[in-house]
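Q: I have a structure I would like to understand better, so I am pasting it below and will then ask my questions one at a time.
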Amino acid sequence: MTSSIYSDYPPQLTPEQQKCLVATLTDWSIAHGLAVRPSPALVSDPLGVLATTAPVTLFPSPFPKRCFEEALGIQTAYNELYSGIARDEEWLGKIVEELAEVDDFIAKLWDTHLAVKRECYAQDLSLGLFRSDYMIHIDHATPNSNPELKQVEFNTIASSFGGLSTQVSALHRHVKSTLQGSHANFTRYLFHNPAYRLPPIINQHSFPQNPSISRLAAGLAAAAISYGSPKSSSLELAVLFLVQDPERNVFDQRHLEYQLESEHGIRAYRLPFHRILTDTALAPETRALLYHPPEAPSTAIEITIIYFRAGYAPSEYTHPDAWLARLHLERSAAIKCPSVLTHLAGVKKVQQVLATPGSPHLSRFLRDPAVAQRVQGTFTNIYPLDESEAGLGAQKLALDPETAKGFVLKPQREGGGNNIYRTAITPYLRDKVPKERWKSYILMELINPPSLNNSILRNGKIESGSVIGELGVFGVCLWRNPKGKDGSGEILKNEEAGYLLRTKGRESEEGGVAAGFGSMDSVVLV
Ligand code: ADP
Ligand code: MG
Ligand code: MG
């Protein structure tokens, strides 16, 4: 796939066609909860009751079928890999302790784990709702080279958009049928014009269904059932969504909550991070996590799973009791999604260590060499910035603006907006980061995705032009942690759980939908 092949996709629209399409997308989105709370910069919503459409592309974006299938196909291997890392405290601890010397946030997380370990964990099950993110890489130096699937990062905490992404796939299918029904000429151009080089994308197979809502909710349900019977005198068991407050992406989370209730009969409650210590308590001895809803504080609901959609950024831990609150949750008998160890397994330094060519690490966690090789194939070059030989080499690359322009510099952070790109790397490292802290960063080669054309509908306005896509694949993994130093634990459930396509303007470095740069998209397989 090169930039020129799909240059006539999507079609140019007349103002009338565009108006019709925008109305179709907008109304369907609101009717189906493909929505976010409005940006406070645009709309005043003091009561927190308004909704607006999530940014979406007008059309699904072409995506190479082979790469899509490979990304979905290796998700269970990635689940196994990261749950194996979270179960291997010794291996992970070596990496984390190095980082903890210069990164206070990582140090606090590690201390939280160590404190609970000293006391003994009250729960041996862990749940991961993961998301592995990729871009398509094109080697521009080699004409007609095959597109390759390359991993951007692996998320182990608060992997979002599984709720909205099922909906955007359904939206694009709806757009297709609307156009087929009432705008025959337009559709003929889109799908049947013989000069139009997009393959006929009429058949269902090219617009894959996206089961992310049902599979992620099924993962939560499986863990809730594995929790077993109440450990306290509480009469009600429930799942607790730990959330930010305010949260613009609330409907994404609500889709999972409603699915849990309608399909599995499991109730979920929402707890803002800052209310952990006010609204929850631990039962004596069992450490069952008891939730006291503010509207009925004398009621005690026993929590089977704490699903973290918050708690991944240092800015959430500014309150003096914030770390006490995280410790309180980790000590509890609730299943953590994720545990602190699983959270730490997702740091970018782990990805860099795994990606080191010829390293024995992958085969430690993935016993089947063919599977390990497929995973290895998705890695791009990632270097440490420490005092090792590879680290010193990478420092040279980063300190020369000419070579730095092929890289992105990443700290051990989540949630977007933390990376430094290209020529900004050299002055940033030189002037802003003391040398002893360089080892808390990794230097990653930039993936070079093909440019496509698409239009993004954001806040009622259309932005058209050159865009690039980032594919995320969700994974569900439930496992039992090893007891003491014996054994390696056991995986109870391991599944691929649907996908996410985010599309952003070619020139925008960060692709987060919530951060306002990206948009929700779906694939049309080519
Ligand atoms: P975060 O955990 O904050 O989401 P990411 O590693 O996903 O951090 O980086 C944020 C964004 O930066 C990605 O969504 C992607 O758009 C861009 N990005 C990250 N790594 C690369 C890379 N190697 N090549 C090209 N773009 C990248
Ligand atoms: Mg990311
Ligand atoms: Mg991330």
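In the structure tokens, chains take the letters A, B, ... in the order shown, each chain's residues start at 1, and ligands count up from 1 in the order shown.
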Could the residues that lie within 9 Å of ligand 1, counting only C-alpha atoms and all ligand atoms, be listed as a PyMOL selection string?
A: chain A and resi 133-135+137+150-155+347-348+380-382+406-421+443-449+468-470+502+504+508-512+518
Q: Tell me which protein, DNA and RNA residues are within 7 Å of stretch 86-103 of chain A, counting only C-alpha atoms, leaving out same-chain ones fewer than 2 positions away, and put them as a PDB file with C-alpha atoms, in the first residue's frame.
A:
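Wrote out13.pdb, looks like this:
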ATOM      1  CA  TYR A  82       2.709  -9.678  29.437  1.00  0.00           C
ATOM      2  CA  SER A  83       0.943 -11.863  31.977  1.00  0.00           C
ATOM      3  CA  GLY A  84       4.170 -13.895  32.158  1.00  0.00           C
ATOM      4  CA  PHE A 105       6.427   7.652  39.994  1.00  0.00           C
ATOM      5  CA  ILE A 106       7.851   4.223  39.141  1.00  0.00           C
ATOM      6  CA  ALA A 107       9.529   4.094  42.567  1.00  0.00           C
ATOM      7  CA  LEU A 341       2.991  -5.527  38.821  1.00  0.00           C
ATOM      8  CA  THR A 342       0.831  -5.698  35.686  1.00  0.00           C
ATOM      9  CA  ALA A 345       4.901  -4.629  33.066  1.00  0.00           C
ATOM     10  CA  ARG A 437      18.001  10.731  34.448  1.00  0.00           C
ATOM     11  CA  SER A 440      14.494   6.681  32.433  1.00  0.00           C
ATOM     12  CA  ASN A 481      -0.261 -15.637  40.284  1.00  0.00           C
ATOM     13  CA  PRO A 482       2.370 -17.997  41.651  1.00  0.00           C
ATOM     14  CA  SER A 488       4.779 -19.775  37.591  1.00  0.00           C
TER      15      SER A 488
END
Q: Running DSSP on the backbone, which parts of stretch 99-154 of chain A land in strand (DSSP E or B), as a PyMOL selection string?
A: chain A and resi 125-137+148-154
Q: Between A:Cys20, A:Val250, A:Leu242, A:Ala158, which is the closest to A:Ala325 once you count only C-alpha atoms?
A: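 The shortest atom-to-atom distance to A:Ala325 comes from A:Leu242.
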Q: Determine, for each residue of stretch 260-329 of chain A having at least one atom at most 12 Å from an atom of stretch 212-224 of chain A, the closest pair of atoms and their separation in Å to one decimal, counting only C-alpha atoms; order by chain and ascending number, as JSON lines.
A:
{"residue": "A:Leu260", "atom": "CA", "partner": "A:Ala217", "partner_atom": "CA", "distance": 5.5}
{"residue": "A:Glu261", "atom": "CA", "partner": "A:Ala217", "partner_atom": "CA", "distance": 9.3}
{"residue": "A:Ser262", "atom": "CA", "partner": "A:Ala217", "partner_atom": "CA", "distance": 10.3}
{"residue": "A:Glu263", "atom": "CA", "partner": "A:Ser214", "partner_atom": "CA", "distance": 8.5}
{"residue": "A:His264", "atom": "CA", "partner": "A:Ala221", "partner_atom": "CA", "distance": 6.6}
{"residue": "A:Gly265", "atom": "CA", "partner": "A:Ala221", "partner_atom": "CA", "distance": 9.0}
{"residue": "A:Ile266", "atom": "CA", "partner": "A:Ala221", "partner_atom": "CA", "distance": 7.2}
{"residue": "A:Arg267", "atom": "CA", "partner": "A:Ala221", "partner_atom": "CA", "distance": 10.1}
{"residue": "A:Ala268", "atom": "CA", "partner": "A:Leu220", "partner_atom": "CA", "distance": 10.3}
{"residue": "A:Glu302", "atom": "CA", "partner": "A:Ala224", "partner_atom": "CA", "distance": 11.1}
{"residue": "A:Ile303", "atom": "CA", "partner": "A:Ala224", "partner_atom": "CA", "distance": 8.9}
{"residue": "A:Thr304", "atom": "CA", "partner": "A:Ala224", "partner_atom": "CA", "distance": 5.5}
{"residue": "A:Ile305", "atom": "CA", "partner": "A:Ala224", "partner_atom": "CA", "distance": 6.4}
{"residue": "A:Ile306", "atom": "CA", "partner": "A:Leu220", "partner_atom": "CA", "distance": 9.8}
{"residue": "A:Tyr307", "atom": "CA", "partner": "A:Leu220", "partner_atom": "CA", "distance": 8.4}
{"residue": "A:Phe308", "atom": "CA", "partner": "A:Leu220", "partner_atom": "CA", "distance": 11.8}
Q: Please list as a PDB file with N, CA and C atoms, in the first residue's frame every residue within 12 Å of A:Pro272, counting only C-alpha atoms and excluding residues in the same chain fewer than 4 positions away.
A:
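Output (out.pdb):
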ATOM      1  N   LEU A 240     -16.049  -2.530  40.367  1.00  0.00           N
ATOM      2  CA  LEU A 240     -15.861  -1.098  40.607  1.00  0.00           C
ATOM      3  C   LEU A 240     -14.996  -0.509  39.492  1.00  0.00           C
ATOM      4  N   PHE A 241     -15.556   0.483  38.762  1.00  0.00           N
ATOM      5  CA  PHE A 241     -14.776   1.196  37.750  1.00  0.00           C
ATOM      6  C   PHE A 241     -14.110   2.382  38.453  1.00  0.00           C
ATOM      7  N   LEU A 242     -12.793   2.378  38.518  1.00  0.00           N
ATOM      8  CA  LEU A 242     -12.064   3.495  39.126  1.00  0.00           C
ATOM      9  C   LEU A 242     -11.836   4.533  38.037  1.00  0.00           C
ATOM     10  N   VAL A 243     -12.372   5.740  38.237  1.00  0.00           N
ATOM     11  CA  VAL A 243     -12.417   6.702  37.124  1.00  0.00           C
ATOM     12  C   VAL A 243     -11.815   8.061  37.489  1.00  0.00           C
ATOM     13  N   GLN A 244     -11.514   8.819  36.472  1.00  0.00           N
ATOM     14  CA  GLN A 244     -11.080  10.204  36.682  1.00  0.00           C
ATOM     15  C   GLN A 244     -12.325  11.072  36.843  1.00  0.00           C
ATOM     16  N   ASP A 245     -12.153  12.230  37.411  1.00  0.00           N
ATOM     17  CA  ASP A 245     -13.287  13.116  37.659  1.00  0.00           C
ATOM     18  C   ASP A 245     -12.832  14.560  37.481  1.00  0.00           C
ATOM     19  N   PRO A 246     -13.280  15.262  36.455  1.00  0.00           N
ATOM     20  CA  PRO A 246     -14.263  14.853  35.466  1.00  0.00           C
ATOM     21  C   PRO A 246     -13.653  13.899  34.431  1.00  0.00           C
ATOM     22  N   GLU A 247     -14.506  13.182  33.724  1.00  0.00           N
ATOM     23  CA  GLU A 247     -14.071  12.247  32.689  1.00  0.00           C
ATOM     24  C   GLU A 247     -14.885  12.519  31.436  1.00  0.00           C
ATOM     25  N   VAL A 250     -16.601   9.250  29.266  1.00  0.00           N
ATOM     26  CA  VAL A 250     -17.432   8.420  30.149  1.00  0.00           C
ATOM     27  C   VAL A 250     -18.265   7.394  29.378  1.00  0.00           C
ATOM     28  N   ILE A 276     -11.460   7.135  46.863  1.00  0.00           N
ATOM     29  CA  ILE A 276     -11.170   5.748  47.254  1.00  0.00           C
ATOM     30  C   ILE A 276     -11.255   5.588  48.776  1.00  0.00           C
ATOM     31  N   LEU A 277     -10.541   6.463  49.493  1.00  0.00           N
ATOM     32  CA  LEU A 277     -10.465   6.275  50.949  1.00  0.00           C
ATOM     33  C   LEU A 277     -11.753   6.698  51.652  1.00  0.00           C
ATOM     34  N   THR A 278     -12.516   7.588  51.013  1.00  0.00           N
ATOM     35  CA  THR A 278     -13.786   8.015  51.627  1.00  0.00           C
ATOM     36  C   THR A 278     -14.863   6.954  51.458  1.00  0.00           C
ATOM     37  N   ASP A 279     -14.907   6.316  50.306  1.00  0.00           N
ATOM     38  CA  ASP A 279     -16.063   5.468  49.974  1.00  0.00           C
ATOM     39  C   ASP A 279     -15.787   3.967  50.045  1.00  0.00           C
ATOM     40  N   THR A 280     -14.556   3.562  50.355  1.00  0.00           N
ATOM     41  CA  THR A 280     -14.303   2.114  50.470  1.00  0.00           C
ATOM     42  C   THR A 280     -13.586   1.797  51.782  1.00  0.00           C
ATOM     43  N   PRO A 293     -21.658   3.274  48.723  1.00  0.00           N
ATOM     44  CA  PRO A 293     -22.058   4.321  47.772  1.00  0.00           C
ATOM     45  C   PRO A 293     -22.445   5.595  48.524  1.00  0.00           C
ATOM     46  N   PRO A 294     -22.006   6.760  48.050  1.00  0.00           N
ATOM     47  CA  PRO A 294     -22.313   8.010  48.768  1.00  0.00           C
ATOM     48  C   PRO A 294     -23.813   8.201  48.965  1.00  0.00           C
ATOM     49  N   ILE A 306     -11.468  -4.380  40.710  1.00  0.00           N
ATOM     50  CA  ILE A 306     -11.264  -2.938  40.524  1.00  0.00           C
ATOM     51  C   ILE A 306     -10.706  -2.754  39.121  1.00  0.00           C
ATOM     52  N   TYR A 307     -11.518  -2.128  38.278  1.00  0.00           N
ATOM     53  CA  TYR A 307     -11.124  -1.896  36.886  1.00  0.00           C
ATOM     54  C   TYR A 307     -10.601  -0.465  36.797  1.00  0.00           C
ATOM     55  N   PHE A 308      -9.293  -0.328  36.633  1.00  0.00           N
ATOM     56  CA  PHE A 308      -8.652   0.995  36.626  1.00  0.00           C
ATOM     57  C   PHE A 308      -8.849   1.697  35.290  1.00  0.00           C
ATOM     58  N   ARG A 309      -9.631   2.781  35.279  1.00  0.00           N
ATOM     59  CA  ARG A 309      -9.645   3.688  34.138  1.00  0.00           C
ATOM     60  C   ARG A 309      -9.038   5.020  34.589  1.00  0.00           C
ATOM     61  N   ALA A 310      -8.292   4.955  35.677  1.00  0.00           N
ATOM     62  CA  ALA A 310      -7.621   6.119  36.255  1.00  0.00           C
ATOM     63  C   ALA A 310      -6.407   5.583  36.998  1.00  0.00           C
ATOM     64  N   GLY A 311      -5.573   6.504  37.490  1.00  0.00           N
ATOM     65  CA  GLY A 311      -4.465   6.075  38.342  1.00  0.00           C
ATOM     66  C   GLY A 311      -3.185   5.766  37.595  1.00  0.00           C
ATOM     67  N   GLU A 316      -2.394  12.442  38.891  1.00  0.00           N
ATOM     68  CA  GLU A 316      -3.519  11.959  39.694  1.00  0.00           C
ATOM     69  C   GLU A 316      -3.115  11.692  41.144  1.00  0.00           C
ATOM     70  N   ALA A 322      -3.022  10.084  48.113  1.00  0.00           N
ATOM     71  CA  ALA A 322      -3.247   9.334  46.864  1.00  0.00           C
ATOM     72  C   ALA A 322      -2.514   7.993  46.860  1.00  0.00           C
ATOM     73  N   ALA A 325      -4.146   5.548  49.030  1.00  0.00           N
ATOM     74  CA  ALA A 325      -5.348   5.017  48.371  1.00  0.00           C
ATOM     75  C   ALA A 325      -4.982   3.883  47.411  1.00  0.00           C
TER      76      ALA A 325
END
Q: Between A:Ser44, A:Thr356, A:Thr26, A:Gln351, which is the closest to ligand 3 once you count only C-alpha atoms and all ligand atoms?
A: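 Among the listed residues, A:Gln351 lies closest to ligand 3.
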Q: So, with only C-alpha atoms and all ligand atoms as the atoms that count, which of A:Thr378, A:Thr156, A:Ser145, A:Thr52 lies closest to ligand 2?
A: A:Thr156
Q: Counting only C-alpha atoms and all ligand atoms, which residue out of A:Val49, A:Val239, A:Cys477, A:Leu344 sits closest to ligand 3?
A: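 Between A:Val49, A:Val239, A:Cys477, A:Leu344, the residue approaching ligand 3 most closely is A:Leu344.
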Q: List the neighbours of A:Leu282 out to 9 Å using only C-alpha atoms; skip same-chain residues closer than 5 positions along the sequence, and give me the result as a ChimeraX atom specification.
A: /A:287-291,328-329,331-333
Q: Using N, CA and C atoms, can you export the residues from the last selection as a PDB file, in the first residue's frame?
A:
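Listing of part34.pdb after writing:
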ATOM      1  N   ARG A 287      -9.769  -8.855  54.112  1.00  0.00           N
ATOM      2  CA  ARG A 287      -9.467  -7.663  53.316  1.00  0.00           C
ATOM      3  C   ARG A 287     -10.399  -7.542  52.096  1.00  0.00           C
ATOM      4  N   ALA A 288     -11.604  -8.073  52.207  1.00  0.00           N
ATOM      5  CA  ALA A 288     -12.608  -7.850  51.154  1.00  0.00           C
ATOM      6  C   ALA A 288     -12.791  -6.336  51.003  1.00  0.00           C
ATOM      7  N   LEU A 289     -12.858  -5.872  49.742  1.00  0.00           N
ATOM      8  CA  LEU A 289     -13.026  -4.426  49.499  1.00  0.00           C
ATOM      9  C   LEU A 289     -14.511  -4.100  49.542  1.00  0.00           C
ATOM     10  N   LEU A 290     -14.897  -3.250  50.491  1.00  0.00           N
ATOM     11  CA  LEU A 290     -16.306  -2.902  50.658  1.00  0.00           C
ATOM     12  C   LEU A 290     -16.537  -1.486  50.163  1.00  0.00           C
ATOM     13  N   TYR A 291     -17.488  -1.367  49.262  1.00  0.00           N
ATOM     14  CA  TYR A 291     -17.815  -0.050  48.691  1.00  0.00           C
ATOM     15  C   TYR A 291     -19.088   0.472  49.347  1.00  0.00           C
ATOM     16  N   HIS A 328      -4.121   0.899  49.469  1.00  0.00           N
ATOM     17  CA  HIS A 328      -5.366   0.355  50.031  1.00  0.00           C
ATOM     18  C   HIS A 328      -6.035  -0.597  49.023  1.00  0.00           C
ATOM     19  N   LEU A 329      -6.114  -0.190  47.766  1.00  0.00           N
ATOM     20  CA  LEU A 329      -6.718  -1.040  46.736  1.00  0.00           C
ATOM     21  C   LEU A 329      -5.873  -2.292  46.489  1.00  0.00           C
ATOM     22  N   ARG A 331      -3.878  -3.799  48.494  1.00  0.00           N
ATOM     23  CA  ARG A 331      -3.948  -4.707  49.654  1.00  0.00           C
ATOM     24  C   ARG A 331      -5.240  -5.513  49.659  1.00  0.00           C
ATOM     25  N   SER A 332      -6.269  -5.005  48.984  1.00  0.00           N
ATOM     26  CA  SER A 332      -7.598  -5.600  49.104  1.00  0.00           C
ATOM     27  C   SER A 332      -7.668  -6.964  48.425  1.00  0.00           C
ATOM     28  N   ALA A 333      -8.730  -7.678  48.721  1.00  0.00           N
ATOM     29  CA  ALA A 333      -8.953  -9.002  48.126  1.00  0.00           C
ATOM     30  C   ALA A 333      -9.646  -8.910  46.771  1.00  0.00           C
TER      31      ALA A 333
END
Q: Determine the nearest neighbour of ligand 2 from the options A:Pro15, A:Gly346, A:Pro434, A:Gly393, counting only C-alpha atoms and all ligand atoms.
A: A:Gly346
Q: Just give me the gap between atom CA of A:Ala355 and atom CA of A:Ala370 in Å, one decimal is fine.
A: 16.0 Å
Q: Give me, as a PyMOL selection string, the residues of stretch 261-439 of chain A that a backbone DSSP run labels alpha helix (DSSP H).
A: chain A and resi 261-264+276-279+322-331+340-345+348-355+361-365+369-376+389-399+401-404+425-432
Q: When you look at A:Pro147 with a cut-off of 12 Å (counting only C-alpha atoms), what residues show up, excluding the ones that are within fewer than 4 positions of it in the same chain? I need them as a list in words.
A: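 What passes the distance filter is Met1, Thr2, Ser3, Phe63, Pro64, Lys65, Arg66, Cys67, Phe68, Met135, Ile136, His137, Ile138, Asp139, His140, Thr142, Pro143, Thr378, Ile447, Asn448, Pro449, Pro450 and Val526 of chain A.
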Q: Counting only C-alpha atoms, figure out which residue out of A:Ala41, A:Ala115, A:Leu72, A:Ala398 gets nearest to A:Arg430.
A: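 Selected residue with least distance to A:Arg430: A:Ala398.
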Q: Do you know which residues are at most 12 Å from A:Asp400 counting only C-alpha atoms, after dropping those on the same chain fewer than 2 positions away, and could you put them as a list in words?
A: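 Using only C-alpha atoms, the neighbours found are Gly393, Ala394, Gln395, Lys396, Leu397, Ala398, Glu402, Thr403, Ala404, Lys405, Gly406, Phe407, Arg422, Thr423, Ala424, Ile425, Thr426, Pro427, Tyr428, Leu429 and Arg430 of chain A.
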Q: Suppose you want the space between atom CA of A:Glu496 and atom CA of A:Ser132; what is it in Å?
A: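 So the two atoms, atom CA of A:Glu496 and atom CA of A:Ser132, lie 10.4 Å apart.
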